[in-house]
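Pasted below: final-v7.cif, mmCIF, C-alpha atoms.
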data_my_file
loop_
_atom_site.label_atom_id
_atom_site.label_comp_id
_atom_site.auth_asym_id
_atom_site.auth_seq_id
_atom_site.Cartn_x
_atom_site.Cartn_y
_atom_site.Cartn_z
CA MET A 1 -34.74 -39.48 52.60
CA LEU A 2 -33.36 -36.07 53.46
CA GLY A 3 -30.11 -34.76 52.06
CA GLY A 4 -29.34 -38.35 51.03
CA LYS A 5 -30.06 -39.97 54.40
CA LYS A 6 -33.03 -41.98 55.60
CA VAL A 7 -34.47 -40.33 58.70
CA THR A 8 -36.88 -41.25 61.48
CA VAL A 9 -39.04 -38.35 62.62
CA VAL A 10 -41.30 -38.22 65.69
CA PHE A 11 -43.55 -35.19 66.08
CA VAL A 12 -43.97 -34.09 69.71
CA LEU A 13 -47.19 -32.19 70.38
CA GLY A 14 -48.95 -30.92 73.49
CA GLY A 15 -50.32 -27.69 74.88
CA PRO A 16 -47.90 -25.01 76.11
CA GLY A 17 -46.50 -26.22 79.44
CA SER A 18 -47.35 -29.90 78.92
CA GLY A 19 -43.71 -30.89 79.59
CA LYS A 20 -42.63 -31.57 76.00
CA GLY A 21 -39.19 -29.98 76.46
CA THR A 22 -38.48 -31.84 79.71
CA GLN A 23 -39.44 -35.21 78.22
CA CYS A 24 -37.57 -34.53 74.96
CA THR A 25 -34.36 -33.98 76.94
CA THR A 26 -34.76 -37.40 78.57
CA ILE A 27 -35.62 -39.12 75.26
CA VAL A 28 -32.44 -37.65 73.76
CA GLU A 29 -30.36 -39.05 76.67
CA HIS A 30 -31.91 -42.52 76.61
CA PHE A 31 -32.72 -43.13 72.96
CA GLY A 32 -30.17 -41.11 70.99
CA PHE A 33 -32.60 -38.84 69.17
CA THR A 34 -31.76 -35.27 68.18
CA HIS A 35 -34.25 -32.78 69.63
CA LEU A 36 -35.38 -30.02 67.29
CA SER A 37 -37.69 -27.47 68.87
CA ALA A 38 -39.53 -25.41 66.25
CA GLY A 39 -39.85 -22.58 68.81
CA ASP A 40 -36.13 -22.60 69.67
CA LEU A 41 -35.17 -22.62 65.97
CA LEU A 42 -37.47 -19.64 65.36
CA ARG A 43 -36.12 -17.78 68.41
CA ALA A 44 -32.55 -18.43 67.18
CA GLU A 45 -33.57 -17.13 63.73
CA ILE A 46 -34.79 -13.89 65.36
CA LYS A 47 -31.41 -13.47 67.12
CA SER A 48 -29.48 -14.22 63.91
CA GLY A 49 -30.81 -10.99 62.39
CA SER A 50 -32.38 -12.73 59.36
CA GLN A 51 -34.75 -10.79 57.09
CA ASN A 52 -37.68 -12.66 58.73
CA GLU A 53 -36.67 -11.48 62.21
CA THR A 54 -39.45 -8.90 62.85
CA MET A 55 -42.22 -10.99 61.30
CA ILE A 56 -41.29 -14.08 63.35
CA GLU A 57 -40.96 -12.06 66.56
CA ASN A 58 -44.35 -10.37 66.12
CA MET A 59 -46.11 -13.64 65.36
CA ILE A 60 -44.60 -15.36 68.43
CA LYS A 61 -45.55 -12.38 70.64
CA GLU A 62 -49.14 -12.58 69.40
CA GLY A 63 -49.25 -16.34 69.94
CA LYS A 64 -49.75 -16.84 66.18
CA ILE A 65 -48.33 -19.52 63.90
CA VAL A 66 -45.28 -18.63 61.80
CA PRO A 67 -45.67 -19.46 58.05
CA SER A 68 -44.92 -23.12 57.26
CA GLU A 69 -42.18 -22.49 54.71
CA VAL A 70 -40.12 -20.52 57.27
CA THR A 71 -40.31 -23.21 59.96
CA ILE A 72 -39.87 -26.14 57.55
CA LYS A 73 -36.76 -24.55 56.03
CA LEU A 74 -35.22 -24.20 59.51
CA LEU A 75 -36.13 -27.80 60.44
CA GLN A 76 -34.78 -29.18 57.16
CA GLU A 77 -31.48 -27.29 57.52
CA ALA A 78 -31.09 -28.55 61.10
CA MET A 79 -31.77 -32.18 60.06
CA ILE A 80 -29.38 -32.05 57.11
CA LYS A 81 -26.61 -30.49 59.25
CA SER A 82 -27.05 -33.09 61.99
CA GLU A 83 -24.95 -36.28 62.10
CA ASN A 84 -28.02 -38.09 63.43
CA ASP A 85 -30.88 -39.77 61.56
CA LYS A 86 -33.45 -39.84 64.42
CA PHE A 87 -35.28 -36.61 65.22
CA LEU A 88 -37.83 -35.41 67.75
CA ILE A 89 -39.59 -32.41 66.25
CA ASP A 90 -41.12 -30.54 69.13
CA GLY A 91 -44.03 -28.11 68.76
CA PHE A 92 -44.55 -28.77 65.06
CA PRO A 93 -46.70 -29.22 62.98
CA ARG A 94 -48.84 -26.57 64.67
CA ASN A 95 -51.73 -26.94 62.20
CA GLU A 96 -53.00 -28.96 59.22
CA GLU A 97 -51.33 -26.63 56.73
CA ASN A 98 -47.95 -27.11 58.53
CA ARG A 99 -48.43 -30.87 58.43
CA ALA A 100 -49.31 -31.07 54.74
CA ALA A 101 -46.50 -28.66 53.79
CA PHE A 102 -43.94 -30.62 55.84
CA GLU A 103 -44.86 -33.92 54.18
CA ASN A 104 -44.95 -32.32 50.70
CA VAL A 105 -41.66 -30.46 51.05
CA THR A 106 -39.59 -33.07 52.90
CA LYS A 107 -41.42 -36.20 51.64
CA ILE A 108 -41.18 -37.44 55.25
CA SER A 109 -44.07 -38.92 57.18
CA PRO A 110 -43.49 -39.23 60.94
CA ALA A 111 -42.98 -42.65 62.55
CA PHE A 112 -45.59 -41.47 65.06
CA VAL A 113 -46.83 -38.43 67.00
CA LEU A 114 -46.12 -38.24 70.72
CA PHE A 115 -49.05 -36.31 72.19
CA PHE A 116 -48.79 -34.91 75.73
CA ASP A 117 -52.36 -34.51 76.88
CA CYS A 118 -53.00 -32.14 79.79
CA ALA A 119 -55.92 -29.99 81.07
CA GLU A 120 -55.78 -26.23 80.48
CA GLU A 121 -55.93 -25.32 84.21
CA GLU A 122 -52.87 -27.49 84.93
CA LEU A 123 -50.98 -25.94 81.98
CA GLU A 124 -51.78 -22.41 83.15
CA LYS A 125 -50.54 -23.21 86.64
CA ARG A 126 -47.29 -24.64 85.28
CA LEU A 127 -46.58 -21.81 82.85
CA LEU A 128 -47.23 -19.06 85.36
CA GLY A 129 -44.99 -20.91 87.79
CA ARG A 130 -42.05 -21.46 85.43
CA ASN A 131 -41.25 -17.79 84.76
CA GLN A 132 -38.41 -18.35 82.30
CA GLY A 133 -38.56 -14.70 81.27
CA ARG A 134 -40.22 -15.59 77.97
CA VAL A 135 -42.34 -12.86 76.37
CA ASP A 136 -45.16 -15.37 75.92
CA ASP A 137 -45.48 -16.52 79.57
CA ASN A 138 -48.28 -14.21 80.72
CA ILE A 139 -51.90 -15.23 81.31
CA GLU A 140 -53.34 -13.53 78.18
CA THR A 141 -50.75 -14.98 75.82
CA ILE A 142 -50.95 -18.37 77.56
CA ARG A 143 -54.73 -18.50 76.96
CA LYS A 144 -54.25 -17.38 73.35
CA ARG A 145 -51.56 -20.04 72.83
CA PHE A 146 -53.80 -22.68 74.36
CA ASN A 147 -56.73 -21.70 72.10
CA VAL A 148 -54.46 -21.73 69.06
CA PHE A 149 -53.23 -25.16 70.15
CA VAL A 150 -56.78 -26.54 70.49
CA GLU A 151 -58.04 -25.02 67.23
CA SER A 152 -54.96 -25.73 65.15
CA SER A 153 -53.09 -28.72 66.55
CA LEU A 154 -55.97 -31.00 67.47
CA PRO A 155 -56.90 -31.53 63.77
CA VAL A 156 -53.27 -32.66 63.22
CA ILE A 157 -53.61 -35.15 66.08
CA GLU A 158 -56.94 -36.35 64.66
CA TYR A 159 -55.36 -36.77 61.20
CA TYR A 160 -52.54 -38.96 62.53
CA SER A 161 -54.97 -40.81 64.83
CA SER A 162 -56.89 -41.86 61.74
CA LYS A 163 -53.62 -43.36 60.48
CA ASP A 164 -52.96 -45.06 63.83
CA LYS A 165 -49.87 -42.94 64.43
CA VAL A 166 -50.62 -41.19 67.75
CA GLU A 167 -49.15 -42.20 71.09
CA LYS A 168 -51.09 -40.29 73.75
CA ILE A 169 -49.49 -39.61 77.14
CA ASP A 170 -51.22 -38.37 80.28
CA ALA A 171 -48.99 -35.33 80.90
CA ALA A 172 -50.74 -34.33 84.13
CA LYS A 173 -48.85 -37.06 86.02
CA PRO A 174 -45.55 -36.39 87.82
CA ILE A 175 -42.52 -36.13 85.48
CA PRO A 176 -40.96 -39.54 86.38
CA GLU A 177 -44.28 -41.32 85.76
CA VAL A 178 -44.72 -39.54 82.43
CA PHE A 179 -41.24 -40.71 81.45
CA GLU A 180 -42.10 -44.33 82.29
CA ASP A 181 -44.93 -44.09 79.72
CA VAL A 182 -42.61 -42.42 77.21
CA LYS A 183 -39.95 -45.11 77.71
CA ALA A 184 -42.43 -47.86 76.89
CA ILE A 185 -43.29 -46.14 73.59
CA PHE A 186 -39.65 -45.55 72.61
CA ALA A 187 -38.41 -49.05 73.55
CA PRO A 188 -38.21 -50.14 69.87
CA TYR A 189 -35.88 -47.18 69.19
CA ALA A 190 -33.43 -47.97 71.99
CA PRO A 191 -29.82 -48.14 70.80
CA GLN A 192 -29.01 -51.78 70.11
CA VAL A 193 -26.51 -53.30 72.48
CA ILE A 194 -24.41 -55.92 70.76
CA TYR A 195 -22.62 -58.41 72.96
CA LEU A 196 -19.47 -59.86 71.47
CA PHE A 197 -18.31 -63.09 73.11
#

Show the structure stored in the file as structure tokens.
Amino acid sequence: MLGGKKVTVVFVLGGPGSGKGTQCTTIVEHFGFTHLSAGDLLRAEIKSGSQNETMIENMIKEGKIVPSEVTIKLLQEAMIKSENDKFLIDGFPRNEENRAAFENVTKISPAFVLFFDCAEEELEKRLLGRNQGRVDDNIETIRKRFNVFVESSLPVIEYYSSKDKVEKIDAAKPIPEVFEDVKAIFAPYAPQVIYLF
């Protein structure tokens, strides 16, 4: 329950450049989820001129993890404001402390974790090729972000694996093939079509 409504949450994890954003867009279109990107919410918070602006900006620039309470507050506000009750939370939890804090604060455990698995060389190639003008798309920061991902996020994936809650996707495949795998996992969440005769 969150703000009086029962919600379904799916955590979406994968190294930087693993295609999480691309696949989330398609999941939203096909399965009616609301996509919440922790990174986008933090970047919006920087632009809003909040008192956390400088701290968040510096941590993102250094490829570090923003304190849990900041990110969880933004996620909670976004979920409460939304009309929807199905959420993809992309790029969070980034570490064990994030995960534990999220479950303690929101009292929500995810339905499952969608894990986009991809080799570091492939991720580097993709990120250097995408050039979206993001401060964190240079080789040094990319490597830092990847190391942070391996050190911090893999324990989260292991934790949920032990609870049988991880759906692993081979993200090195072409986008349409990756989506076929994603579709199979999300089939139970497809909007119900009711035929009235």

Give as number ranges by chain the residues that the PyMOL selection byres ((chain A and resi 143-155) around 9) matches when applied to the coordinates above.
A: 13-16, 62-65, 92-96, 120, 123-124, 136, 138-142, 156-160

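Going from CA of Gly21 in chain A to CA of Asn104 in chain A covers 26.5 Å.
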
Work out how far CA of Asn84 in chain A is from CA of Thr106 in chain A, in Å to one decimal.
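Pair CA of Thr106 in chain A / CA of Asn84 in chain A returns 16.4 Å.
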
Please, what is the axis-aligned box for every listed atom of range 6-9 of chain A with 3 Å on each side, as centre and edge lengths in Å to one decimal, as lines of an AutoDock Vina configuration file?
center_x = -36.0
center_y = -40.2
center_z = 59.1
size_x = 12.0
size_y = 9.6
size_z = 13.0

Using only C-alpha atoms, find the one residue out of A:Cys24, A:Ala101, A:Leu36, A:Ile56 that sits nearest to Phe179 in chain A.
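Among the listed residues, the smallest separation from Phe179 in chain A belongs to A:Cys24.
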
Between CA of Phe102 in chain A and CA of Leu75 in chain A, what is the spacing in Å?
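Result for CA of Leu75 in chain A versus CA of Phe102 in chain A: 9.5 Å, one decimal.
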
Could you check which of A:Pro176, A:Ala78, A:Ile72, A:Gly91 is closest to Lys107 in chain A, using only C-alpha atoms?
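Residue with the minimum atom-to-atom distance to Lys107 in chain A: A:Ile72.
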
Residue with smallest distance to Ala190 in chain A - pool A:Glu29, A:Glu83, A:Glu121, A:Glu177, counting all atoms listed in the file
A:Glu29

Using the chain letters and residue numbers of this document, give as a ChimeraX atom specification the residues selected by the PyMOL selection byres ((chain A and resi 27) around 12).
/A:10,12,20-26,28-35,86-90,114,178-187,189-191

From the options A:Ala111, A:Leu74, A:Leu42, A:Ala172, which residue's atoms come nearest to Met59 in chain A, counting all atoms listed in the file?
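Ranking A:Ala111, A:Leu74, A:Leu42, A:Ala172 by distance to Met59 in chain A, first place goes to A:Leu42.
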
Mind completing range 90-110 of chain A with N, CA and C atoms? Output as a JSON list (two decimals), in the coordinates of the input, please?
[["chain", "number", "residue", "atom", "x", "y", "z"],
["A", 90, "ASP", "N", -40.31, -30.97, 68.01],
["A", 90, "ASP", "CA", -41.12, -30.54, 69.13],
["A", 90, "ASP", "C", -41.89, -29.26, 68.78],
["A", 91, "GLY", "N", -43.22, -29.30, 69.00],
["A", 91, "GLY", "CA", -44.03, -28.11, 68.76],
["A", 91, "GLY", "C", -44.31, -27.85, 67.29],
["A", 92, "PHE", "N", -44.27, -28.88, 66.50],
["A", 92, "PHE", "CA", -44.55, -28.77, 65.06],
["A", 92, "PHE", "C", -44.99, -30.15, 64.57],
["A", 93, "PRO", "N", -45.94, -30.26, 63.66],
["A", 93, "PRO", "CA", -46.70, -29.22, 62.98],
["A", 93, "PRO", "C", -47.76, -28.60, 63.91],
["A", 94, "ARG", "N", -47.90, -27.28, 63.81],
["A", 94, "ARG", "CA", -48.84, -26.57, 64.67],
["A", 94, "ARG", "C", -50.25, -26.61, 64.10],
["A", 95, "ASN", "N", -50.38, -26.88, 62.80],
["A", 95, "ASN", "CA", -51.73, -26.94, 62.20],
["A", 95, "ASN", "C", -51.69, -27.86, 60.97],
["A", 96, "GLU", "N", -52.87, -28.07, 60.38],
["A", 96, "GLU", "CA", -53.00, -28.96, 59.22],
["A", 96, "GLU", "C", -52.13, -28.49, 58.05],
["A", 97, "GLU", "N", -52.09, -27.17, 57.85],
["A", 97, "GLU", "CA", -51.33, -26.63, 56.73],
["A", 97, "GLU", "C", -49.84, -26.92, 56.94],
["A", 98, "ASN", "N", -49.33, -26.75, 58.18],
["A", 98, "ASN", "CA", -47.95, -27.11, 58.53],
["A", 98, "ASN", "C", -47.68, -28.56, 58.18],
["A", 99, "ARG", "N", -48.61, -29.42, 58.59],
["A", 99, "ARG", "CA", -48.43, -30.87, 58.43],
["A", 99, "ARG", "C", -48.32, -31.23, 56.95],
["A", 100, "ALA", "N", -49.29, -30.74, 56.17],
["A", 100, "ALA", "CA", -49.31, -31.07, 54.74],
["A", 100, "ALA", "C", -48.06, -30.51, 54.05],
["A", 101, "ALA", "N", -47.68, -29.28, 54.40],
["A", 101, "ALA", "CA", -46.50, -28.66, 53.79],
["A", 101, "ALA", "C", -45.25, -29.45, 54.14],
["A", 102, "PHE", "N", -45.12, -29.86, 55.41],
["A", 102, "PHE", "CA", -43.94, -30.62, 55.84],
["A", 102, "PHE", "C", -43.81, -31.91, 55.03],
["A", 103, "GLU", "N", -44.91, -32.65, 54.91],
["A", 103, "GLU", "CA", -44.86, -33.92, 54.18],
["A", 103, "GLU", "C", -44.59, -33.69, 52.69],
["A", 104, "ASN", "N", -45.18, -32.62, 52.12],
["A", 104, "ASN", "CA", -44.95, -32.32, 50.70],
["A", 104, "ASN", "C", -43.52, -31.89, 50.42],
["A", 105, "VAL", "N", -42.99, -31.02, 51.28],
["A", 105, "VAL", "CA", -41.66, -30.46, 51.05],
["A", 105, "VAL", "C", -40.58, -31.49, 51.34],
["A", 106, "THR", "N", -40.68, -32.17, 52.50],
["A", 106, "THR", "CA", -39.59, -33.07, 52.90],
["A", 106, "THR", "C", -39.80, -34.50, 52.42],
["A", 107, "LYS", "N", -41.03, -34.82, 52.02],
["A", 107, "LYS", "CA", -41.42, -36.20, 51.64],
["A", 107, "LYS", "C", -41.23, -37.17, 52.83],
["A", 108, "ILE", "N", -41.34, -36.61, 54.06],
["A", 108, "ILE", "CA", -41.18, -37.44, 55.25],
["A", 108, "ILE", "C", -42.52, -37.51, 55.97],
["A", 109, "SER", "N", -42.89, -38.73, 56.34],
["A", 109, "SER", "CA", -44.07, -38.92, 57.18],
["A", 109, "SER", "C", -43.54, -39.38, 58.54],
["A", 110, "PRO", "N", -44.07, -38.86, 59.65],
["A", 110, "PRO", "CA", -43.49, -39.23, 60.94],
["A", 110, "PRO", "C", -43.71, -40.70, 61.27]]
